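Here is the file data-v2.tsv (TSV, C-alpha atoms).
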```tsv
chain	number	residue	atom	x	y	z
I	1	MET	CA	-54.49	-132.03	-21.09
I	2	THR	CA	-55.92	-128.51	-20.97
I	3	ASP	CA	-54.21	-126.12	-18.58
I	4	PRO	CA	-56.40	-124.83	-15.72
I	5	GLN	CA	-57.88	-121.36	-15.96
I	6	HIS	CA	-59.62	-119.56	-13.11
I	7	LEU	CA	-61.46	-116.27	-12.66
I	8	TYR	CA	-61.10	-114.44	-9.36
I	9	LEU	CA	-62.85	-111.34	-8.05
I	10	SER	CA	-60.44	-109.63	-5.66
I	11	LEU	CA	-61.83	-107.22	-3.10
I	12	ILE	CA	-58.52	-105.83	-1.78
I	13	PRO	CA	-58.06	-104.10	-4.16
I	14	GLN	CA	-61.11	-104.60	-6.35
I	15	ALA	CA	-60.15	-106.43	-9.54
I	16	LEU	CA	-61.18	-109.22	-11.88
I	17	ILE	CA	-58.20	-111.50	-12.49
I	18	ALA	CA	-57.65	-114.54	-14.66
I	19	SER	CA	-55.10	-117.02	-13.33
I	20	MET	CA	-53.79	-120.51	-13.92
I	21	LEU	CA	-53.21	-120.92	-10.18
I	22	ALA	CA	-55.65	-122.84	-7.97
I	23	PRO	CA	-57.24	-120.75	-5.18
I	24	GLU	CA	-54.78	-121.59	-2.39
I	25	ALA	CA	-51.74	-120.95	-4.57
I	26	PHE	CA	-53.28	-117.77	-5.94
I	27	GLY	CA	-54.05	-116.55	-2.42
I	28	SER	CA	-50.44	-117.05	-1.34
I	29	TYR	CA	-49.12	-115.31	-4.46
I	30	TYR	CA	-51.59	-112.44	-4.18
I	31	SER	CA	-50.89	-111.77	-0.50
I	32	ILE	CA	-47.12	-112.11	-0.29
I	33	GLY	CA	-46.00	-111.83	-3.92
I	34	ALA	CA	-43.79	-114.12	-5.96
I	35	LYS	CA	-40.62	-112.91	-4.21
I	36	VAL	CA	-42.13	-111.84	-0.85
I	37	HIS	CA	-41.83	-108.16	-1.80
I	38	VAL	CA	-45.37	-107.27	-0.72
I	39	GLN	CA	-47.48	-108.38	2.19
I	40	GLY	CA	-51.11	-107.93	3.17
I	41	GLU	CA	-54.42	-109.71	3.60
I	42	SER	CA	-56.52	-110.48	0.57
I	43	ILE	CA	-60.11	-111.57	0.03
I	44	PHE	CA	-61.35	-112.96	-3.25
I	45	PHE	CA	-64.25	-114.88	-4.76
I	46	GLU	CA	-64.01	-117.62	-7.30
I	47	VAL	CA	-66.05	-116.57	-10.33
I	48	ASP	CA	-67.89	-118.95	-12.65
I	49	PRO	CA	-65.33	-119.51	-15.45
I	50	GLY	CA	-68.17	-119.30	-17.93
I	51	PHE	CA	-69.09	-115.77	-16.88
I	52	ARG	CA	-68.69	-113.15	-19.61
I	53	ASP	CA	-69.37	-109.44	-19.93
I	54	ALA	CA	-69.21	-107.74	-23.32
I	55	ASP	CA	-67.59	-104.65	-21.78
I	56	LEU	CA	-64.65	-106.58	-20.30
I	57	PRO	CA	-61.63	-107.88	-22.27
I	58	PHE	CA	-62.13	-111.61	-21.81
I	59	GLU	CA	-60.18	-112.21	-25.01
I	60	LEU	CA	-57.05	-111.55	-22.94
I	61	ILE	CA	-57.52	-114.91	-21.22
I	62	GLU	CA	-56.71	-116.84	-24.40
I	63	LYS	CA	-53.90	-114.45	-25.34
I	64	ARG	CA	-52.13	-113.99	-22.02
I	65	CYS	CA	-53.26	-116.64	-19.55
I	66	VAL	CA	-50.82	-119.21	-20.89
I	67	ARG	CA	-47.66	-120.87	-19.63
I	68	THR	CA	-44.39	-118.98	-19.76
I	69	PRO	CA	-41.69	-120.16	-22.21
I	70	GLU	CA	-40.17	-122.01	-19.24
I	71	GLY	CA	-43.44	-123.87	-18.66
I	72	ALA	CA	-44.54	-122.02	-15.50
I	73	LEU	CA	-48.21	-121.27	-14.92
I	74	LYS	CA	-49.37	-117.70	-15.55
I	75	ARG	CA	-50.17	-116.24	-12.16
I	76	SER	CA	-52.37	-113.27	-13.04
I	77	VAL	CA	-53.93	-111.44	-15.96
I	78	TYR	CA	-55.93	-108.37	-14.94
I	79	LEU	CA	-59.20	-107.96	-16.81
I	80	ALA	CA	-60.67	-105.03	-14.84
I	81	ILE	CA	-59.81	-102.87	-11.83
I	82	TYR	CA	-62.71	-100.40	-11.66
I	83	ARG	CA	-66.32	-100.97	-10.56
I	84	VAL	CA	-65.87	-104.70	-10.94
I	85	LEU	CA	-68.18	-106.02	-8.20
I	86	GLU	CA	-71.27	-104.44	-9.72
I	87	ARG	CA	-70.59	-106.18	-13.06
I	88	ILE	CA	-70.58	-109.71	-11.67
I	89	PRO	CA	-73.95	-111.08	-10.50
I	90	VAL	CA	-74.11	-112.79	-7.13
I	91	ALA	CA	-75.15	-116.01	-8.89
I	92	ALA	CA	-71.76	-116.11	-10.67
I	93	LEU	CA	-69.78	-115.98	-7.40
I	94	GLY	CA	-68.41	-119.21	-5.96
I	95	ASN	CA	-66.35	-119.89	-2.86
I	96	LEU	CA	-64.93	-117.01	-0.85
I	97	HIS	CA	-61.26	-117.16	0.12
I	98	LEU	CA	-59.78	-115.29	3.09
I	99	VAL	CA	-56.00	-114.91	3.00
I	100	THR	CA	-53.80	-113.78	5.88
I	101	ASN	CA	-50.88	-111.42	5.40
I	102	ASP	CA	-48.48	-114.37	5.35
I	103	GLY	CA	-50.39	-116.13	2.59
I	104	LYS	CA	-52.52	-118.75	4.40
I	105	THR	CA	-55.97	-119.29	2.88
I	106	LEU	CA	-59.30	-120.20	4.47
I	107	THR	CA	-62.09	-121.17	2.08
I	108	LEU	CA	-65.72	-120.38	2.89
I	109	GLU	CA	-68.65	-121.97	1.06
I	110	ARG	CA	-72.17	-120.63	0.69
I	111	ALA	CA	-74.86	-121.78	3.08
I	112	PRO	CA	-78.57	-121.05	3.50
I	113	TYR	CA	-79.14	-117.84	5.41
I	114	GLN	CA	-81.41	-117.79	8.45
I	115	PRO	CA	-82.13	-114.34	9.91
I	116	HIS	CA	-81.76	-113.77	13.64
I	117	PRO	CA	-84.59	-111.39	14.47
I	118	GLU	CA	-83.72	-110.84	18.15
I	119	PRO	CA	-83.17	-107.12	18.81
I	120	ARG	CA	-79.48	-106.27	19.07
I	121	SER	CA	-76.91	-104.00	17.53
I	122	HIS	CA	-74.64	-105.08	14.69
I	123	LEU	CA	-71.24	-103.92	13.51
I	124	TYR	CA	-70.40	-104.35	9.83
I	125	GLN	CA	-67.09	-104.03	8.00
I	126	GLU	CA	-67.71	-103.29	4.33
I	127	PHE	CA	-65.11	-104.42	1.79
I	128	SER	CA	-66.42	-103.33	-1.58
I	129	PRO	CA	-67.16	-101.00	-3.26
I	130	VAL	CA	-66.58	-98.81	-0.15
I	131	THR	CA	-64.74	-99.67	3.08
I	132	PRO	CA	-66.38	-98.12	6.16
I	133	LEU	CA	-67.22	-99.58	9.56
I	134	VAL	CA	-70.97	-99.25	10.14
I	135	ALA	CA	-73.15	-99.83	13.20
I	136	SER	CA	-76.71	-100.90	12.52
I	137	ARG	CA	-79.94	-102.12	14.07
I	138	LEU	CA	-80.59	-104.14	10.90
I	139	GLU	CA	-79.74	-107.83	10.59
I	140	PRO	CA	-77.45	-108.66	7.62
I	141	HIS	CA	-80.04	-109.29	4.90
I	142	ASP	CA	-81.99	-106.17	5.82
I	143	PHE	CA	-78.76	-104.16	5.98
I	144	CYS	CA	-77.86	-105.35	2.48
I	145	ASP	CA	-81.29	-104.36	1.20
I	146	PHE	CA	-80.96	-100.95	2.83
I	147	ILE	CA	-77.46	-100.12	1.59
I	148	THR	CA	-78.25	-101.16	-2.01
I	149	ASP	CA	-81.67	-99.47	-2.19
I	150	PRO	CA	-81.55	-96.92	-5.05
I	151	ASN	CA	-84.26	-94.91	-3.30
I	152	ASN	CA	-81.80	-94.02	-0.53
I	153	PRO	CA	-79.69	-90.89	-1.12
I	154	VAL	CA	-76.53	-92.88	-0.34
I	155	HIS	CA	-76.42	-96.38	-1.78
I	156	VAL	CA	-74.25	-98.82	-3.73
I	157	PRO	CA	-75.33	-101.26	-6.47
I	158	ARG	CA	-73.91	-104.32	-4.67
I	159	VAL	CA	-72.01	-104.80	-1.40
I	160	VAL	CA	-69.69	-107.27	0.34
I	161	PHE	CA	-69.38	-107.10	4.11
I	162	SER	CA	-68.73	-109.10	7.27
I	163	GLU	CA	-70.30	-108.84	10.71
I	164	LEU	CA	-67.92	-108.15	13.60
I	165	ARG	CA	-68.24	-109.05	17.27
I	166	LEU	CA	-69.67	-106.48	19.65
I	167	GLY	CA	-69.79	-108.64	22.77
I	168	ALA	CA	-71.95	-107.15	25.52
I	169	LEU	CA	-72.31	-103.90	23.55
I	170	ALA	CA	-74.68	-105.67	21.16
I	171	THR	CA	-77.43	-105.65	23.78
I	172	ASP	CA	-76.19	-103.06	26.28
I	173	PRO	CA	-74.15	-100.40	24.46
I	174	GLU	CA	-74.15	-97.98	27.37
I	175	HIS	CA	-73.05	-100.24	30.24
I	176	GLY	CA	-71.87	-103.49	28.59
I	177	ALA	CA	-68.26	-104.55	29.17
I	178	ALA	CA	-65.94	-103.85	26.25
I	179	ASP	CA	-62.59	-104.84	27.71
I	180	ASP	CA	-61.77	-107.39	25.02
I	181	LEU	CA	-62.88	-105.32	22.02
I	182	PRO	CA	-59.87	-103.97	20.08
I	183	TYR	CA	-61.67	-101.29	18.06
I	184	PRO	CA	-60.23	-97.78	18.15
I	185	ASN	CA	-62.15	-95.09	20.06
I	186	LEU	CA	-64.55	-97.33	21.98
I	187	ALA	CA	-66.21	-94.29	23.54
I	188	HIS	CA	-67.29	-93.17	20.06
I	189	LEU	CA	-68.55	-96.67	19.23
I	190	ARG	CA	-70.62	-96.69	22.42
I	191	ASP	CA	-72.08	-93.27	21.58
I	192	VAL	CA	-73.07	-94.44	18.09
I	193	LEU	CA	-74.74	-97.59	19.43
I	194	VAL	CA	-76.56	-95.69	22.17
I	195	GLU	CA	-77.87	-93.21	19.60
I	196	LEU	CA	-79.08	-95.99	17.30
I	197	ASN	CA	-80.97	-97.58	20.18
I	198	SER	CA	-82.55	-94.39	21.46
I	199	ASP	CA	-86.28	-93.76	21.13
I	200	THR	CA	-85.70	-90.45	19.40
I	201	THR	CA	-83.73	-91.60	16.34
I	202	THR	CA	-85.16	-92.66	13.00
I	203	LYS	CA	-81.79	-93.95	11.75
I	204	SER	CA	-81.24	-97.67	11.33
I	205	SER	CA	-77.49	-97.43	10.60
I	206	LYS	CA	-74.70	-95.02	11.40
I	207	LEU	CA	-71.09	-94.62	10.32
I	208	VAL	CA	-68.44	-95.55	12.91
I	209	LEU	CA	-65.31	-95.19	10.75
I	210	ARG	CA	-65.06	-93.88	7.18
I	211	GLN	CA	-62.33	-96.39	6.41
I	212	VAL	CA	-60.93	-99.35	8.34
I	213	LYS	CA	-57.23	-98.58	8.12
I	214	ALA	CA	-56.30	-101.60	10.26
I	215	GLY	CA	-57.10	-103.98	7.39
I	216	VAL	CA	-59.21	-107.12	7.63
I	217	LEU	CA	-60.41	-107.81	11.18
I	218	TYR	CA	-60.50	-111.60	10.76
I	219	ARG	CA	-60.31	-112.45	14.42
I	220	MET	CA	-63.36	-110.31	15.19
I	221	VAL	CA	-65.66	-111.86	12.56
I	222	HIS	CA	-69.05	-112.85	13.95
I	223	ASN	CA	-71.25	-115.28	11.95
I	224	GLY	CA	-69.73	-114.66	8.54
I	225	PHE	CA	-69.50	-112.74	5.28
I	226	TYR	CA	-72.28	-111.52	2.99
I	227	VAL	CA	-72.67	-110.30	-0.58
I	228	GLY	CA	-75.84	-109.01	-2.14
I	229	ASP	CA	-77.97	-106.44	-3.92
I	230	GLN	CA	-81.69	-105.82	-4.43
I	231	GLN	CA	-82.19	-109.11	-6.28
I	232	ASP	CA	-79.84	-111.64	-4.69
I	233	PHE	CA	-78.04	-112.34	-1.41
I	234	ALA	CA	-75.44	-114.91	-0.39
I	235	TYR	CA	-74.13	-115.93	3.03
I	236	TYR	CA	-70.70	-117.43	3.74
I	237	PRO	CA	-70.60	-118.69	7.35
I	238	PHE	CA	-67.39	-118.26	9.32
I	239	PRO	CA	-66.19	-121.33	11.30
I	240	ASP	CA	-66.88	-121.32	15.02
I	241	HIS	CA	-64.03	-121.01	17.50
I	242	GLY	CA	-63.75	-124.77	18.01
I	243	LEU	CA	-63.25	-125.46	14.31
I	244	LEU	CA	-60.79	-122.59	13.99
I	245	GLU	CA	-58.69	-123.99	16.83
I	246	ASP	CA	-58.88	-127.56	15.53
I	247	GLN	CA	-59.39	-127.90	11.78
I	248	TYR	CA	-58.04	-124.50	10.69
I	249	ARG	CA	-55.41	-123.89	13.36
I	250	ASP	CA	-52.59	-122.71	11.07
I	251	TRP	CA	-54.82	-120.16	9.35
I	252	TRP	CA	-56.34	-119.04	12.66
I	253	ARG	CA	-52.96	-118.44	14.27
I	254	SER	CA	-51.93	-116.28	11.33
I	255	ALA	CA	-55.25	-114.41	11.39
I	256	GLN	CA	-54.83	-113.57	15.07
I	257	LEU	CA	-51.47	-111.97	14.35
I	258	GLY	CA	-53.15	-109.60	11.93
I	259	PRO	CA	-53.32	-105.82	11.79
I	260	LEU	CA	-54.83	-105.24	15.23
I	261	GLU	CA	-51.61	-106.33	16.95
```

How does this structure look as structure tokens?
Amino acid sequence: MTDPQHLYLSLIPQALIASMLAPEAFGSYYSIGAKVHVQGESIFFEVDPGFRDADLPFELIEKRCVRTPEGALKRSVYLAIYRVLERIPVAALGNLHLVTNDGKTLTLERAPYQPHPEPRSHLYQEFSPVTPLVASRLEPHDFCDFITDPNNPVHVPRVVFSELRLGALATDPEHGAADDLPYPNLAHLRDVLVELNSDTTTKSSKLVLRQVKAGVLYRMVHNGFYVGDQQDFAYYPFPDHGLLEDQYRDWWRSAQLGPLE
């Protein structure tokens, strides 16, 4: 029987990794380490095992992704750590796995994307290749098109991001209640949203934070995660609160004890 081999695209940090571990086992290993010497959230895609790129050392899979002399599965073989996302087409990406800092994994599958054209503000956490928090008037697909447009002075070739909850600020940034929003410097967030919604601005998006130092804001995710470029776009819906409390309770409890505490 042939040993299993998997390809994973990690976003935290960005890397392409070959592994003999199935996704849940890999997520636990990658987040807490083999001997619990490291700890932190991780997000990774499964990658089509048939994907190849002539500039990447895929020959290492056959050489190094093999059992140890003791018979243990090889946990990780790094194939690339720099500008990896832009090398892997969206079509080659499979399920998305969200791992808490204690190693519990939630798997998201792709679903058809339906835009929500009602006017409101959005808040996006980008994960790769850059990691800012961005407010925008654009719905997710339009935001992806905008941020990957080579005609814009600032753009990226491909992007992965999630949408975060804004509560009442989504439709009333100036007066809406924000008591349950845990974001730092809410006054600044309000100012950014008010500016984006003013009649005098031509901006569709504006930076809120250059880098989200708090980590992955799982418990604030609204709707889901997205990956795309100018040619392709994929949507990974996040479970609603009822499913999180029922079907995914263990993961959800861990996610709520994340970096915002």

_Minimum-distance residue to Pro184 in chain I, chosen among I:Glu46, I:Val208, I:Asp55, I:Asp102 (using only C-alpha atoms)_ =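 With only C-alpha atoms as the atom set, the closest residue is I:Val208.
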
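Minimum atom-to-atom distance to Arg83 in chain I, evaluated using all atoms listed in the file, belongs to I:Pro129 out of I:Gly71, I:Gly50, I:Pro57, I:Pro129.
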
_Using all atoms listed in the file, can you tell me which of I:Leu106, I:Asp172, I:Gly40, I:Ala22 comes closest to Gln247 in chain I?_
I:Leu106

*Return the single residue from I:Asp142, I:Arg137, I:Gln125, I:Phe161 that is closest to Tyr183 in chain I, with distances computed using all atoms listed in the file.*
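That would be I:Gln125, the residue with the smallest distance to Tyr183 in chain I.
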
*Find the residues around Phe225 in chain I up to 7 Å (all atoms listed in the file counted), leave out those fewer than 4 positions away in its own chain, and share them as a list in words.*
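The residues that qualify are Phe161, Ser162, Glu163, Tyr235, Tyr236 and Pro237 of chain I.
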
Next, dump the selected residues to file, keeping only C-alpha atoms, as a PDB file, in the frame of the given file.
```
ATOM      1  CA  PHE I 161     -69.380-107.100   4.110  1.00  0.00           C
ATOM      2  CA  SER I 162     -68.730-109.100   7.270  1.00  0.00           C
ATOM      3  CA  GLU I 163     -70.300-108.840  10.710  1.00  0.00           C
ATOM      4  CA  TYR I 235     -74.130-115.930   3.030  1.00  0.00           C
ATOM      5  CA  TYR I 236     -70.700-117.430   3.740  1.00  0.00           C
ATOM      6  CA  PRO I 237     -70.600-118.690   7.350  1.00  0.00           C
TER       7      PRO I 237
END
```

*Using all atoms listed in the file, pick whichever of I:Tyr113, I:Tyr78, I:Phe143, I:Phe51 has the shortest atom-to-atom distance to Ala92 in chain I.*
I:Phe51

_Gap from CA of Ser76 in chain I to CA of Ala18 in chain I - Å, one decimal_ = 5.7 Å

*Of the candidates I:Ala234, I:Val156, I:Val66, I:Leu189, which shows the shortest atom-to-atom distance to Ala111 in chain I, using all atoms listed in the file?*
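Among the listed residues, the smallest separation from Ala111 in chain I belongs to I:Ala234.
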
Give as a CSV table (one decimal) with C-alpha atoms, keeping the file's coordinate frame every residue, naming chains and numbers as the document does, that has an atom within 10 Å of (-64.0, -99.7, -12.1), counting only C-alpha atoms.
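What ended up in part.csv:
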```csv
chain,number,residue,atom,x,y,z
I,14,GLN,CA,-61.1,-104.6,-6.4
I,15,ALA,CA,-60.2,-106.4,-9.5
I,16,LEU,CA,-61.2,-109.2,-11.9
I,80,ALA,CA,-60.7,-105.0,-14.8
I,81,ILE,CA,-59.8,-102.9,-11.8
I,82,TYR,CA,-62.7,-100.4,-11.7
I,83,ARG,CA,-66.3,-101.0,-10.6
I,84,VAL,CA,-65.9,-104.7,-10.9
I,85,LEU,CA,-68.2,-106.0,-8.2
I,86,GLU,CA,-71.3,-104.4,-9.7
I,87,ARG,CA,-70.6,-106.2,-13.1
I,129,PRO,CA,-67.2,-101.0,-3.3
```

*asked:* Please list as a ChimeraX atom specification every residue within 7 Å of Asn95 in chain I, counting only C-alpha atoms and excluding residues in the same chain fewer than 5 positions away.
replied: /I:45-46,107-110

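Between CA of Ser42 in chain I and CA of Tyr124 in chain I lies a distance of 17.8 Å.
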
*Can you pull out every residue within 12 Å of range 198-207 of chain I, counting all atoms listed in the file, but drop anything in the same chain fewer than 6 positions away, and send it as an MDAnalysis selection string?*
chainID I and resid 120:126 131:140 142:144 146:147 154 172:174 188:192
